[in-house]
Amino acid sequence: MTTAPQTIGSRARPNPLAKLWGSLSLVFESRIGTIGFFMVAFWFALALISIVWTPYDPNASLFGQNLPPNAENWLGTDHLGRDLLSRLMQGTQVILVKTRLPNGWVIPIGVALWGVLGSLTLGTLLGLNAGYRGGWTDQIIMQIQDALIAFPRIVLYLVVIAAMGQGDLVVILAITLTGAPGVARLARSLALDIKTRDYIRAAETRGESPWYIMFVEILPNARGPLIVDAMLRVGYAIFAIGTLGFLGIGLPPPDPDWGNMVNEARRFIYTNPLAVLWPSLAIATLVIGLNLFADGLREETTRYQK
Amino acid sequence: MPQSPVLAIEDLAITYRIRGGEIDAVTDVSFQIQRGESFGVVGESGCGKSTVAWSVVGFLGANGYVKRGSIQFLGQELVGRRPDELRKLRGNQIAMVYQDPMQALNPSVRLGQQLKEVLTVHQKVSDQEAEERCLAMLKRVHMPDPADVMGRYPHQISGGQQQRVVIAMALLNNPALLIMDEPTTALDVTVEAAVLDLIDELRQEFNTAIMYISHNLGVVARVCNRVGVMYAGEMVEVAPVEAIFQDPRHPYTQGLIRCVPRLGADKASSVLYPIPGRVPPPDQRPTGCLFHPRCDYAQARCQEERPFLRLFAEDHRVRCHFAEEIDMASWQPPEEVQAAIQAHAGAPNGAQGSPSSPGEEIILEVEGLRKYYVAQGNSLRDVLGLAPKRFVRAVDGVGFQVPRRTTLGIVGESGCGKSTLVKTLIGLEGATDGRAEFLGFDLTVDLSKRPERLIQELQMVFQNPDSTMNPSYTVGQQIARPLIRFQTVPREQVQDEVIRLLEAVRLDASYLDRLPRQLSGGEKQRVGIARALASRPDLVLCDEPVSALDVSVQAAVLNLLLAIQKEHGTTMLFIAHDLSVVRFFSDHVAVMYLGQVMEFGPADAIYAPPYHPYTEALLSAVPIPDPGARQRRIRLEGSVPSALDPPSGCRFHTRCPRRHLLPDNGAICAAEVPPWRDVGDGHRIFCHLSLETLRSLEPVIQR
């Protein structure tokens, strides 16, 4: 069904890489977008490097406890004498570039990104249905969403994790469930606007199915705001992972977790405040970077014309 | 010139700064407006008309500035002044009226308050005095029940009344210059006619200078005494209104006049001549004369040398090298246009007879069709579902027949139910009651219950070119979709078929990979037509397909639709509010009012007596692009009543100007539903007045 556009388009459309570059170069038109891009790129690069190399083994107690930064340990060591820089680098992996499955396998793309992808998919599905179909469908979907939003987020996380135990997939599920209502609201409002256009009437008078109209006619025109929103959501997701880690119910060991690093170092904050500062700073710069990047993207995509 | 002009613009050039450069929106404009004069500025969209108006009031925005030239208002130079100086200079002496009255009025402030503010802010006027002056001004603009209107909010009065309030507001300070930017474009013809009457009257009475911006030549012919024609940021011709219409000297002016159908012209006896090409965007203007790529008279000199706006005759300036040589009367259409036109106009097809002529297959038959919507009430009883249900009778008992290969035009004011009728026929809404049959299929059910074959045979062309195409897909993809969905052609031939369809709408294969944002309005509308034709439908419903287009493009699209009809034998239902266009394009016309057909018949019969009093009023309201034409003035009072509670008897009786012709001031009109009066030849009139009375009415338009 959806192959229709490709039959002719494949010949003409620029390849996906060129298109990606096209949207990226747009971000560089904005100063804050550029700053955001490099902040995010820095962490991605660190995550990739850490896969092949970290200064020391992140989980091995090789040094003295709570050392300040020195020539050997650039960021110092924690309360078990582990190198903080190595742990910080390794901690980036689970968030951005890898996810550990329960059977021991590892798949690419980090927990934060999978979570956002999940809430984007679920939210778009619900939001488009609510917005396009309207009536009772809309009522039911939105009431459930409202009920979900009414719960404090942290309670939802606790419920999901208490029910399913710790694990990367559970964190992904928690992020998906808490993020979906927001995405659904956005998708619904976009669908409500776009469905009034004549090209939707044209599709209807062609006898297209509601699913075709929602995903082939409406979704491509709603993707701009959805992508910007998703960028911001990656930031929230990293926050959420940090919070969960701090509570001790986040990403399971052996990989170091930024939130958990803060939690552990908290007990020694008077002897070694830097051990708290580094992971906090890591979370903050990554989230701010994503926010700036999203702002730049929005600024440039909504600008009247090039 | 005996007195100094109110507004004198010399060599004006206006530029907008954009990312990576500048755009010269206006490059060379000069004109003067005297006291008591109404100066019309016409031209297609993108010619810089509004930009000139903005520059006079200093609203060019953060990125616009006057690059060159001068704007003198009452002898004072406005260019180069600081904003506070400008404010002092202009004071309350310049007023502006915009296109959409709803955006000019604050929706949350009572009208009286908004009107009074105009006086109390600019002058030291007591509240009491302001109130009195506002009331007097509302009376001046013929506002019914002004004291009541003062206490209302904008949404509580109709669009025409809103525009009257805006005009009253503009006139309160007795400005020396009144700028009107398409003030009637958003209004219905009948309302537009009344507002134009008002503007005309006020101009003579207040001795104000008016700068009137419009794309509609008919409107300009009606209210202006001098006209300036703008093209691509330049003034190309400035002359008194009679000279512009009777002896236009610039090829662009001539083209504009040629491409609108005259009221009374039909497709069998006349043709429309579109101007080829389109207005170049500001960064792609050609060298030499800006108009030469579209000009039939262009010579080598036009490509090299920029013409100046020069004096051609007294008070008649033209920007053309060959103004003396080109005469509108001796104009011959270029050969390729002529050939194309002969293809459809030369031999009238067999379908142009009456609907009752024997042997004609009736393709669409509608009888007593009704579409009611349930009105949502706000009271507690409504919410609980206890109150009796109330219905909006959008379409209430409509019946007509359409023979194959003909066009049925449907006209009427907004709110008359013509769009609902089309939506019901195409199946976006299911009908409430009645019968509608097309090729043996039942049309009263909605799309989800219609068989594939019916969906394929019934397609639609939409009004708004900007939303008719999905911005995410290329032209080729969008035309290919119906081909693949209905399997009109085998999969491997789709590409060829798309190219064939593009060629059918006078585009070519180079458009395949373009995105909608790379197309002009007219091109988008052509693609919309190609998409509708892709499934090879027998009936195409056109919902105002040309009303959002510029006149020169409108002519081209109309010609295209005619050629397609001729070639494919397509039957069409054509909705429009422009009576000249409907007359030109249709074989039969149905005039609708409040969900009912008031008159039905062959197109030529509808436009001459006998006609329904409502048709008569519509005809009288059409702005005619000919200052010499005499048009009898019939103005309808009030606005269309609510379809929630339509008037009893004849629905038109509350506004009918002919009711007094019946005994007892038409008591019967309010009491009884009128009979169908059969004039013959399929022409029917839904009126209590006898045919003899209707026949004796004087024609509305005389030349």
# chains A, B, ... in the order shown; residues from 1 in each chain; ligands from 1
call {"tool": "closest_atom_pairs", "arguments": {"of": "chain B", "to": "chain A", "cutoff": "8 Å", "atoms": "only C-alpha atoms", "output": "tab-separated table"}}
result
residue	atom	partner	partner_atom	distance
B:Arg19	CA	A:Lys306	CA	7.0
B:Ile426	CA	A:Thr205	CA	6.8
B:Gly427	CA	A:Thr205	CA	7.3
B:Leu428	CA	A:Thr205	CA	7.1
B:Leu447	CA	A:Gly207	CA	6.6
B:Ser448	CA	A:Gly207	CA	7.4
B:Glu452	CA	A:Gly207	CA	7.5
B:Ile455	CA	A:Arg206	CA	6.3
B:Gln456	CA	A:Arg206	CA	7.0
B:Gln459	CA	A:Thr205	CA	6.7
B:Met460	CA	A:Ala202	CA	7.1
B:Phe462	CA	A:Asp198	CA	6.6
B:Asn464	CA	A:Asp198	CA	7.3
B:Ser467	CA	A:Asp198	CA	5.3
B:Thr468	CA	A:Tyr199	CA	4.7
B:Met469	CA	A:Tyr199	CA	5.3
B:Asn470	CA	A:Tyr199	CA	5.7
B:Pro471	CA	A:Asn221	CA	7.1
B:Ser472	CA	A:Pro220	CA	6.2
B:Tyr473	CA	A:Pro5	CA	7.5
B:Thr474	CA	A:Gly9	CA	7.4
B:Gly476	CA	A:Ile8	CA	6.7
B:Gln477	CA	A:Pro5	CA	5.0
B:Gln478	CA	A:Pro5	CA	7.6
B:Ala480	CA	A:Ala4	CA	7.4
B:Arg481	CA	A:Ala4	CA	6.1
B:Pro482	CA	A:Arg206	CA	7.0
B:Ile484	CA	A:Ala4	CA	6.9
B:Gln495	CA	A:Ile8	CA	6.9
B:Asp513	CA	A:Ala12	CA	6.1
call {"tool": "write_last_selection", "arguments": {"atoms": "N, CA and C atoms", "output": "mmCIF file, in the first residue's frame"}}
result
data_model
loop_
_atom_site.group_PDB
_atom_site.id
_atom_site.type_symbol
_atom_site.label_atom_id
_atom_site.label_comp_id
_atom_site.auth_asym_id
_atom_site.auth_seq_id
_atom_site.Cartn_x
_atom_site.Cartn_y
_atom_site.Cartn_z
ATOM 1 N N ARG B 19 17.141 36.581 4.539
ATOM 2 C CA ARG B 19 18.361 35.834 4.767
ATOM 3 C C ARG B 19 19.116 35.716 3.458
ATOM 4 N N ILE B 426 -20.482 13.640 -3.283
ATOM 5 C CA ILE B 426 -19.211 12.922 -3.385
ATOM 6 C C ILE B 426 -19.091 11.880 -2.285
ATOM 7 N N GLY B 427 -19.901 11.998 -1.238
ATOM 8 C CA GLY B 427 -19.935 10.954 -0.220
ATOM 9 C C GLY B 427 -19.145 11.265 1.028
ATOM 10 N N LEU B 428 -18.652 12.505 1.163
ATOM 11 C CA LEU B 428 -17.970 12.863 2.408
ATOM 12 C C LEU B 428 -18.980 12.894 3.548
ATOM 13 N N LEU B 447 -18.990 7.516 1.747
ATOM 14 C CA LEU B 447 -17.920 6.841 1.011
ATOM 15 C C LEU B 447 -17.639 5.428 1.500
ATOM 16 N N SER B 448 -17.747 5.210 2.811
ATOM 17 C CA SER B 448 -17.375 3.894 3.347
ATOM 18 C C SER B 448 -18.278 2.794 2.800
ATOM 19 N N GLU B 452 -16.199 0.411 -5.077
ATOM 20 C CA GLU B 452 -14.971 0.958 -5.663
ATOM 21 C C GLU B 452 -15.233 1.655 -7.004
ATOM 22 N N ILE B 455 -16.668 5.111 -6.631
ATOM 23 C CA ILE B 455 -15.663 6.051 -6.136
ATOM 24 C C ILE B 455 -14.782 6.522 -7.286
ATOM 25 N N GLN B 456 -14.472 5.574 -8.160
ATOM 26 C CA GLN B 456 -13.601 5.861 -9.288
ATOM 27 C C GLN B 456 -14.249 6.803 -10.306
ATOM 28 N N GLN B 459 -15.089 12.109 -9.079
ATOM 29 C CA GLN B 459 -13.914 12.732 -8.495
ATOM 30 C C GLN B 459 -14.140 14.217 -8.306
ATOM 31 N N MET B 460 -13.225 14.841 -7.621
ATOM 32 C CA MET B 460 -13.463 16.220 -7.219
ATOM 33 C C MET B 460 -12.226 17.093 -7.424
ATOM 34 N N PHE B 462 -10.640 20.738 -6.054
ATOM 35 C CA PHE B 462 -10.869 21.560 -4.870
ATOM 36 C C PHE B 462 -10.557 23.020 -5.102
ATOM 37 N N ASN B 464 -8.878 25.426 -2.932
ATOM 38 C CA ASN B 464 -7.671 26.122 -2.509
ATOM 39 C C ASN B 464 -6.418 25.470 -3.090
ATOM 40 N N SER B 467 -3.799 23.993 -0.621
ATOM 41 C CA SER B 467 -4.003 22.808 0.201
ATOM 42 C C SER B 467 -4.496 21.628 -0.621
ATOM 43 N N THR B 468 -4.558 21.776 -1.928
ATOM 44 C CA THR B 468 -5.079 20.681 -2.724
ATOM 45 C C THR B 468 -4.035 19.582 -2.911
ATOM 46 N N MET B 469 -2.761 19.933 -2.722
ATOM 47 C CA MET B 469 -1.710 18.925 -2.867
ATOM 48 C C MET B 469 -1.002 18.693 -1.551
ATOM 49 N N ASN B 470 -0.653 17.435 -1.302
ATOM 50 C CA ASN B 470 0.081 17.093 -0.097
ATOM 51 C C ASN B 470 1.518 17.608 -0.229
ATOM 52 N N PRO B 471 1.938 18.522 0.662
ATOM 53 C CA PRO B 471 3.250 19.144 0.496
ATOM 54 C C PRO B 471 4.427 18.171 0.591
ATOM 55 N N SER B 472 4.197 16.953 1.056
ATOM 56 C CA SER B 472 5.316 16.023 1.260
ATOM 57 C C SER B 472 5.638 15.167 0.045
ATOM 58 N N TYR B 473 4.786 15.159 -0.960
ATOM 59 C CA TYR B 473 5.019 14.257 -2.096
ATOM 60 C C TYR B 473 5.170 15.032 -3.392
ATOM 61 N N THR B 474 5.894 14.437 -4.322
ATOM 62 C CA THR B 474 6.108 15.116 -5.597
ATOM 63 C C THR B 474 4.852 15.008 -6.455
ATOM 64 N N GLY B 476 4.521 13.824 -9.386
ATOM 65 C CA GLY B 476 4.397 12.500 -9.986
ATOM 66 C C GLY B 476 3.783 11.490 -9.024
ATOM 67 N N GLN B 477 4.236 11.514 -7.785
ATOM 68 C CA GLN B 477 3.711 10.575 -6.793
ATOM 69 C C GLN B 477 2.227 10.792 -6.565
ATOM 70 N N GLN B 478 1.822 12.056 -6.542
ATOM 71 C CA GLN B 478 0.427 12.329 -6.224
ATOM 72 C C GLN B 478 -0.507 11.972 -7.359
ATOM 73 N N ALA B 480 0.233 9.595 -9.500
ATOM 74 C CA ALA B 480 0.339 8.138 -9.659
ATOM 75 C C ALA B 480 -0.553 7.387 -8.675
ATOM 76 N N ARG B 481 -0.773 7.982 -7.503
ATOM 77 C CA ARG B 481 -1.508 7.267 -6.463
ATOM 78 C C ARG B 481 -2.888 6.767 -6.917
ATOM 79 N N PRO B 482 -3.765 7.622 -7.471
ATOM 80 C CA PRO B 482 -5.052 7.077 -7.931
ATOM 81 C C PRO B 482 -4.886 6.031 -9.032
ATOM 82 N N ILE B 484 -2.552 3.819 -9.288
ATOM 83 C CA ILE B 484 -2.191 2.548 -8.663
ATOM 84 C C ILE B 484 -3.362 2.009 -7.858
ATOM 85 N N GLN B 495 4.044 5.328 -14.973
ATOM 86 C CA GLN B 495 4.864 6.500 -15.261
ATOM 87 C C GLN B 495 4.433 7.191 -16.559
ATOM 88 N N ASP B 513 9.027 15.467 -10.697
ATOM 89 C CA ASP B 513 9.751 15.400 -9.434
ATOM 90 C C ASP B 513 9.675 16.681 -8.629
#
call {"tool": "residues_around", "arguments": {"residues": "Ile140 in chain A", "least_positions_apart": "4", "cutoff": "12 Å", "atoms": "only C-alpha atoms", "output": "list in words"}}
result
Leu126, Gly127, Asn129, Ala130, Gly131, Arg133, Gly134, Gly135, Trp136, Ile144, Gln145, Asp146 and Ala147 of chain A
call {"tool": "residues_around", "arguments": {"residues": "Ser642 in chain B", "least_positions_apart": "4", "cutoff": "12 Å", "atoms": "only C-alpha atoms", "output": "list in words"}}
result
Ser158, Ala375, Phe391, Val392, Arg393, Ala394, Ser414, Gly415, Cys416, Gly417, Tyr593, Leu594, Gly595, Gly638, Pro646, Pro647, Arg651, Phe652 and Thr654 of chain B
call {"tool": "residues_around", "arguments": {"residues": "Leu226 in chain A", "least_positions_apart": "2", "cutoff": "9 Å", "atoms": "only C-alpha atoms", "output": "mmCIF file with N, CA and C atoms, in the first residue's frame"}}
result
data_model
loop_
_atom_site.group_PDB
_atom_site.id
_atom_site.type_symbol
_atom_site.label_atom_id
_atom_site.label_comp_id
_atom_site.auth_asym_id
_atom_site.auth_seq_id
_atom_site.Cartn_x
_atom_site.Cartn_y
_atom_site.Cartn_z
ATOM 1 N N LEU A 120 7.488 7.790 20.817
ATOM 2 C CA LEU A 120 7.129 8.436 19.555
ATOM 3 C C LEU A 120 6.171 7.540 18.766
ATOM 4 N N THR A 124 2.340 8.615 18.519
ATOM 5 C CA THR A 124 1.868 8.981 17.186
ATOM 6 C C THR A 124 0.675 8.121 16.797
ATOM 7 N N VAL A 183 3.480 12.955 23.417
ATOM 8 C CA VAL A 183 3.592 12.841 21.958
ATOM 9 C C VAL A 183 2.203 12.751 21.346
ATOM 10 N N LEU A 186 0.519 16.094 21.007
ATOM 11 C CA LEU A 186 1.079 16.861 19.891
ATOM 12 C C LEU A 186 0.574 16.299 18.563
ATOM 13 N N ALA A 187 0.658 14.966 18.417
ATOM 14 C CA ALA A 187 0.240 14.346 17.155
ATOM 15 C C ALA A 187 -1.239 14.602 16.903
ATOM 16 N N ALA A 222 3.396 16.069 9.524
ATOM 17 C CA ALA A 222 3.473 16.383 10.946
ATOM 18 C C ALA A 222 4.864 16.101 11.479
ATOM 19 N N ARG A 223 5.771 15.588 10.622
ATOM 20 C CA ARG A 223 7.016 15.061 11.170
ATOM 21 C C ARG A 223 7.918 16.165 11.732
ATOM 22 N N GLY A 224 7.893 17.363 11.164
ATOM 23 C CA GLY A 224 8.768 18.430 11.648
ATOM 24 C C GLY A 224 8.620 18.655 13.146
ATOM 25 N N VAL A 228 11.286 17.596 16.379
ATOM 26 C CA VAL A 228 11.805 18.561 17.355
ATOM 27 C C VAL A 228 11.413 18.130 18.763
ATOM 28 N N ASP A 229 10.153 17.708 18.900
ATOM 29 C CA ASP A 229 9.671 17.258 20.198
ATOM 30 C C ASP A 229 10.467 16.042 20.677
ATOM 31 N N ALA A 230 10.772 15.139 19.738
ATOM 32 C CA ALA A 230 11.512 13.933 20.106
ATOM 33 C C ALA A 230 12.901 14.285 20.634
ATOM 34 N N MET A 231 13.545 15.285 20.007
ATOM 35 C CA MET A 231 14.862 15.723 20.465
ATOM 36 C C MET A 231 14.803 16.139 21.927
#
call {"tool": "residues_around", "arguments": {"residues": "Tyr373 in chain B", "least_positions_apart": "2", "cutoff": "12 Å", "atoms": "only C-alpha atoms", "output": "list of chain:residue names"}}
result
B:Arg370, B:Lys371, B:Ala375, B:Gln376, B:Lys389, B:Arg390, B:Phe391, B:Val392, B:Arg393, B:Ala394, B:Val395, B:Asp396, B:Gly417, B:Thr420, B:Thr424, B:Glu429, B:Gly430, B:Ala431, B:Thr432, B:Asp433, B:Ala643, B:Leu644
call {"tool": "residues_around", "arguments": {"residues": "Ala13 in chain B", "least_positions_apart": "3", "cutoff": "12 Å", "atoms": "only C-alpha atoms", "output": "PyMOL selection string"}}
result
chain B and resi 9-10+16+23-30+48+51-52+55+64-71+79+232-235
call {"tool": "residues_around", "arguments": {"residues": "Ile32 in chain A", "least_positions_apart": "6", "cutoff": "9 Å", "atoms": "only C-alpha atoms", "output": "VMD selection string"}}
result
chain A and resid 292 to 293 295 to 296
call {"tool": "write_last_selection", "arguments": {"atoms": "N, CA and C atoms", "output": "PDB file, in the first residue's frame"}}
result
ATOM      1  N   LEU A 292      19.342  22.606  23.161  1.00  0.00           N
ATOM      2  CA  LEU A 292      19.798  23.646  22.238  1.00  0.00           C
ATOM      3  C   LEU A 292      19.650  23.175  20.794  1.00  0.00           C
ATOM      4  N   PHE A 293      20.036  21.915  20.574  1.00  0.00           N
ATOM      5  CA  PHE A 293      19.936  21.344  19.228  1.00  0.00           C
ATOM      6  C   PHE A 293      18.484  21.376  18.750  1.00  0.00           C
ATOM      7  N   ASP A 295      16.091  23.332  19.825  1.00  0.00           N
ATOM      8  CA  ASP A 295      15.688  24.726  19.620  1.00  0.00           C
ATOM      9  C   ASP A 295      16.157  25.235  18.270  1.00  0.00           C
ATOM     10  N   GLY A 296      17.443  24.929  17.968  1.00  0.00           N
ATOM     11  CA  GLY A 296      17.992  25.372  16.688  1.00  0.00           C
ATOM     12  C   GLY A 296      17.215  24.769  15.531  1.00  0.00           C
TER      13      GLY A 296
END
call {"tool": "select_by_dssp", "arguments": {"residues": "range 55-294 of chain B", "states": "strand (DSSP E or B)", "output": "ChimeraX atom specification"}}
result
/B:64-73,76-77,94-97,177-181,209-214,226-231,234-240
call {"tool": "decode", "arguments": {"residues": "range 223-244 of chain A", "atoms": "N, CA and C atoms", "output": "short mmCIF file (atom, residue, chain, number, x, y, z; two decimals), in the first residue's frame"}}
result
data_model
loop_
_atom_site.label_atom_id
_atom_site.label_comp_id
_atom_site.auth_asym_id
_atom_site.auth_seq_id
_atom_site.Cartn_x
_atom_site.Cartn_y
_atom_site.Cartn_z
N ARG A 223 5.77 15.59 10.62
CA ARG A 223 7.02 15.06 11.17
C ARG A 223 7.92 16.17 11.73
N GLY A 224 7.89 17.36 11.16
CA GLY A 224 8.77 18.43 11.65
C GLY A 224 8.62 18.66 13.15
N PRO A 225 7.42 19.07 13.60
CA PRO A 225 7.22 19.29 15.03
C PRO A 225 7.47 18.02 15.85
N LEU A 226 7.14 16.87 15.31
CA LEU A 226 7.34 15.63 16.07
C LEU A 226 8.82 15.36 16.29
N ILE A 227 9.63 15.63 15.27
CA ILE A 227 11.07 15.38 15.41
C ILE A 227 11.67 16.33 16.44
N VAL A 228 11.29 17.60 16.38
CA VAL A 228 11.81 18.56 17.36
C VAL A 228 11.41 18.13 18.76
N ASP A 229 10.15 17.71 18.90
CA ASP A 229 9.67 17.26 20.20
C ASP A 229 10.47 16.04 20.68
N ALA A 230 10.77 15.14 19.74
CA ALA A 230 11.51 13.93 20.11
C ALA A 230 12.90 14.28 20.63
N MET A 231 13.55 15.29 20.01
CA MET A 231 14.86 15.72 20.46
C MET A 231 14.80 16.14 21.93
N LEU A 232 13.78 16.95 22.25
CA LEU A 232 13.63 17.40 23.64
C LEU A 232 13.39 16.20 24.54
N ARG A 233 12.61 15.25 24.01
CA ARG A 233 12.26 14.09 24.83
C ARG A 233 13.47 13.21 25.15
N VAL A 234 14.46 13.18 24.25
CA VAL A 234 15.68 12.43 24.55
C VAL A 234 16.31 13.02 25.81
N GLY A 235 16.28 14.37 25.90
CA GLY A 235 16.79 15.03 27.10
C GLY A 235 16.04 14.59 28.34
N TYR A 236 14.70 14.60 28.26
CA TYR A 236 13.90 14.17 29.42
C TYR A 236 14.23 12.73 29.79
N ALA A 237 14.39 11.91 28.77
CA ALA A 237 14.64 10.49 29.02
C ALA A 237 15.95 10.31 29.77
N ILE A 238 16.97 11.10 29.40
CA ILE A 238 18.26 10.99 30.08
C ILE A 238 18.10 11.42 31.54
N PHE A 239 17.31 12.47 31.73
CA PHE A 239 16.98 12.88 33.10
C PHE A 239 16.34 11.74 33.87
N ALA A 240 15.35 11.12 33.21
CA ALA A 240 14.60 10.05 33.86
C ALA A 240 15.54 8.91 34.24
N ILE A 241 16.46 8.56 33.32
CA ILE A 241 17.41 7.49 33.61
C ILE A 241 18.28 7.88 34.80
N GLY A 242 18.67 9.17 34.83
CA GLY A 242 19.47 9.67 35.95
C GLY A 242 18.72 9.53 37.26
N THR A 243 17.43 9.94 37.22
CA THR A 243 16.62 9.86 38.43
C THR A 243 16.49 8.43 38.91
N LEU A 244 16.18 7.54 37.97
CA LEU A 244 16.03 6.12 38.33
C LEU A 244 17.33 5.57 38.90
#
